[in-house]
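Accompanying notes for the structure given below.
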Amino acid sequence: MGAAGSSTLARLGLPALHLPAQSQPAWLGVAALGLAAVALGTVVWRHARPRRPRRLQRVGTVSELWIFPVKSCKGVSVSEAQCTAMGLRSGHLRDRFWLVIKEDGHMVTAQQEPHLVMVSITYEDNHLVLRAPGMEPLVLQSKLPSSNALHYYRLFGLDIKGRDCGDEAAQWFTNFLKTDTFRLVQFEENMKGREAKKIFPGIVQNYVAYPDCSPIMILSEASLADLNTRLEKKVKMDQFRPSIVVTGCSAFEEDTWDELLIGNVEMKKALACPRCIMTTVDPDTGVIDRKERLETLKSYRLCDPSERQLYKLSPLLGIYFSVEKIGDLKVGDTMYQMV
């Protein structure tokens with residue numbers, strides 16, 4: 001067979017014909033090229049065929065959208081948001097793009113400093129305004145000067161870059177928490193996020209700034225209502241810090257959703273949200289209980305034994321999603337599962 005015919009068939013994964021050189025008439029080369037052309041046409045046709053339309057199954061309605069600008073601080077409820085690959089965005093408000101750290105560069109969350117949950121945030125005149133009991137408001141620029149220091153910080157065992165928010169912000173958090181010296185850093189769009197697969201092996205690949213492991217977390221009203229039937233002291237939705245709250249579905253139905261269409265946004269399930277002692281921090285007082293609501297969740301929301309290596313003994317509530325197609329979301333959007 002001619003060289004052109006052999007190489008073409010090889011690229012297509014088809015076996016070449018090997019005949020002695022003297023027994024290869026010219027027509028064999030032409031035939032081989034013809035066979036290659038037919039095979040190539042078949043491959044192109046298969047890839048060019050329109051995909052089978054996916055069926056949309058209505059599963060609920062968006063009832064709340066939340067952005068948590070500073071990790072472990074209070075969230076901001078919004079009626080609409082852009083859904084980016086790295087989480088929800090409303091103007092300059094980005095989800096978990098700010099992080100409190102110690103001077104040694106390690107992150108600080110409400111697990112170590114539970115009073116962080118009492119810091120509220122508003123967005124006023126292109127500035128973030130932080131408020132906390134007994135403190136004067138802290139006004140932050142949404143875009144920091146390039147002269148502010150850039151450093152790498154440690155978050156769940158992985159290094160990630162951030163820009164220091166300055167001495168005023170550092171002193172504000174230090175004075176409020178009163179337990180150590182703290183600083184505030186900001187993630188910027190041109191920085192590289194942390195790879196989710198390095199946090200949870202096997203997770204759908206995505207990159208995040210300062211969230212735990214995924215840009216979106218979805219929780220249903222019915223799941224929270226079910227939990228509250230088991231508790232003496234009822235809890236509110238913001239205690240579980242979801243990005244998207246869903247109404248119109250049954251309790252824990254979100255566990256079964258693999259791929260979602262909301263507005264023009266497409267999402268894919270990453271993993272269930274393993275809960276920690278953050279759920280035991282009272283968002284109004286900053287008091288950490290270290291038992292409830294965590295112990296109640298452990299009584300009925302542990303993972304299947306086959307997934308113990310991934311989730312260990314953490315109870316599961318809510319589902320993490322990656323963003324497969326960016327777009328816009330608003331309260332009232334119908335949610336569909338793509339099947």
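As shown in the structure tokens, the chain order sets the letters A, B, ...; within each chain, residues go from 1, and ligands are also counted from 1 in the order they appear.
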
Enumerate, in order of chain and increasing residue number, the residues of stretch 112-166 of chain A with an atom no farther than 9 Å from stretch 278-295 of chain A, each with its shortest atom pair and distance in Å to one decimal, counting only C-alpha atoms, as JSON lines.
{"residue": "A:Glu113", "atom": "CA", "partner": "A:Gly286", "partner_atom": "CA", "distance": 8.6}
{"residue": "A:Pro114", "atom": "CA", "partner": "A:Gly286", "partner_atom": "CA", "distance": 5.2}
{"residue": "A:His115", "atom": "CA", "partner": "A:Gly286", "partner_atom": "CA", "distance": 4.4}
{"residue": "A:Leu116", "atom": "CA", "partner": "A:Gly286", "partner_atom": "CA", "distance": 7.2}
{"residue": "A:Val117", "atom": "CA", "partner": "A:Pro283", "partner_atom": "CA", "distance": 5.4}
{"residue": "A:Met118", "atom": "CA", "partner": "A:Gly286", "partner_atom": "CA", "distance": 6.2}

Export of the given selection (N, CA and C atoms) as a PDB file, in the first residue's frame:
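Listed below is the output, again_17.pdb:
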ATOM      1  N   GLU A 113     -12.552  31.330  64.809  1.00  0.00           N
ATOM      2  CA  GLU A 113     -12.999  32.639  65.312  1.00  0.00           C
ATOM      3  C   GLU A 113     -14.496  32.790  65.032  1.00  0.00           C
ATOM      4  N   PRO A 114     -15.341  32.200  65.886  1.00  0.00           N
ATOM      5  CA  PRO A 114     -16.790  32.186  65.604  1.00  0.00           C
ATOM      6  C   PRO A 114     -17.440  33.565  65.519  1.00  0.00           C
ATOM      7  N   HIS A 115     -16.825  34.589  66.098  1.00  0.00           N
ATOM      8  CA  HIS A 115     -17.418  35.931  66.030  1.00  0.00           C
ATOM      9  C   HIS A 115     -17.401  36.500  64.606  1.00  0.00           C
ATOM     10  N   LEU A 116     -16.673  35.862  63.693  1.00  0.00           N
ATOM     11  CA  LEU A 116     -16.689  36.313  62.297  1.00  0.00           C
ATOM     12  C   LEU A 116     -18.098  36.300  61.716  1.00  0.00           C
ATOM     13  N   VAL A 117     -18.952  35.394  62.197  1.00  0.00           N
ATOM     14  CA  VAL A 117     -20.299  35.299  61.626  1.00  0.00           C
ATOM     15  C   VAL A 117     -21.149  36.519  61.951  1.00  0.00           C
ATOM     16  N   MET A 118     -20.679  37.387  62.843  1.00  0.00           N
ATOM     17  CA  MET A 118     -21.442  38.579  63.197  1.00  0.00           C
ATOM     18  C   MET A 118     -21.059  39.793  62.347  1.00  0.00           C
TER      19      MET A 118
END

Contacts of A:Pro215 at 8 Å (only C-alpha atoms; same-chain gap of 6+ positions) as a list in words: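 In the requested format, the answer is Ala85, Met86, Gly87, Leu88, Tyr207, Val208, Tyr320, Phe321, Ser322 and Val323 of chain A.
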
List the neighbours of A:Val245 out to 10 Å using only C-alpha atoms; skip same-chain residues closer than 2 positions along the sequence, and give me the result as a short mmCIF file (atom, residue, chain, number, x, y, z; two decimals) with C-alpha atoms, in the first residue's frame.
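Result written to selection-v2.cif:
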data_model
loop_
_atom_site.label_atom_id
_atom_site.label_comp_id
_atom_site.auth_asym_id
_atom_site.auth_seq_id
_atom_site.Cartn_x
_atom_site.Cartn_y
_atom_site.Cartn_z
CA GLY A 60 -38.07 23.46 41.68
CA THR A 61 -37.83 27.24 41.76
CA VAL A 62 -35.06 29.56 42.95
CA SER A 63 -36.33 31.25 46.13
CA GLU A 64 -33.10 32.90 47.34
CA LEU A 65 -29.67 33.85 46.01
CA TRP A 66 -26.80 34.52 48.42
CA MET A 217 -23.85 25.14 46.79
CA ILE A 218 -27.58 24.39 46.51
CA LEU A 219 -29.91 23.62 49.41
CA SER A 220 -33.69 23.22 49.44
CA GLU A 221 -36.15 24.79 51.84
CA ALA A 222 -37.68 21.33 52.37
CA MET A 237 -31.08 29.02 56.05
CA ASP A 238 -28.11 31.40 56.26
CA ARG A 241 -24.50 29.32 53.67
CA PRO A 242 -26.00 28.15 50.33
CA SER A 243 -25.52 30.06 47.09
CA THR A 247 -38.43 25.75 46.85
CA GLY A 318 -26.77 20.50 50.41
CA VAL A 331 -35.07 34.68 42.15
#
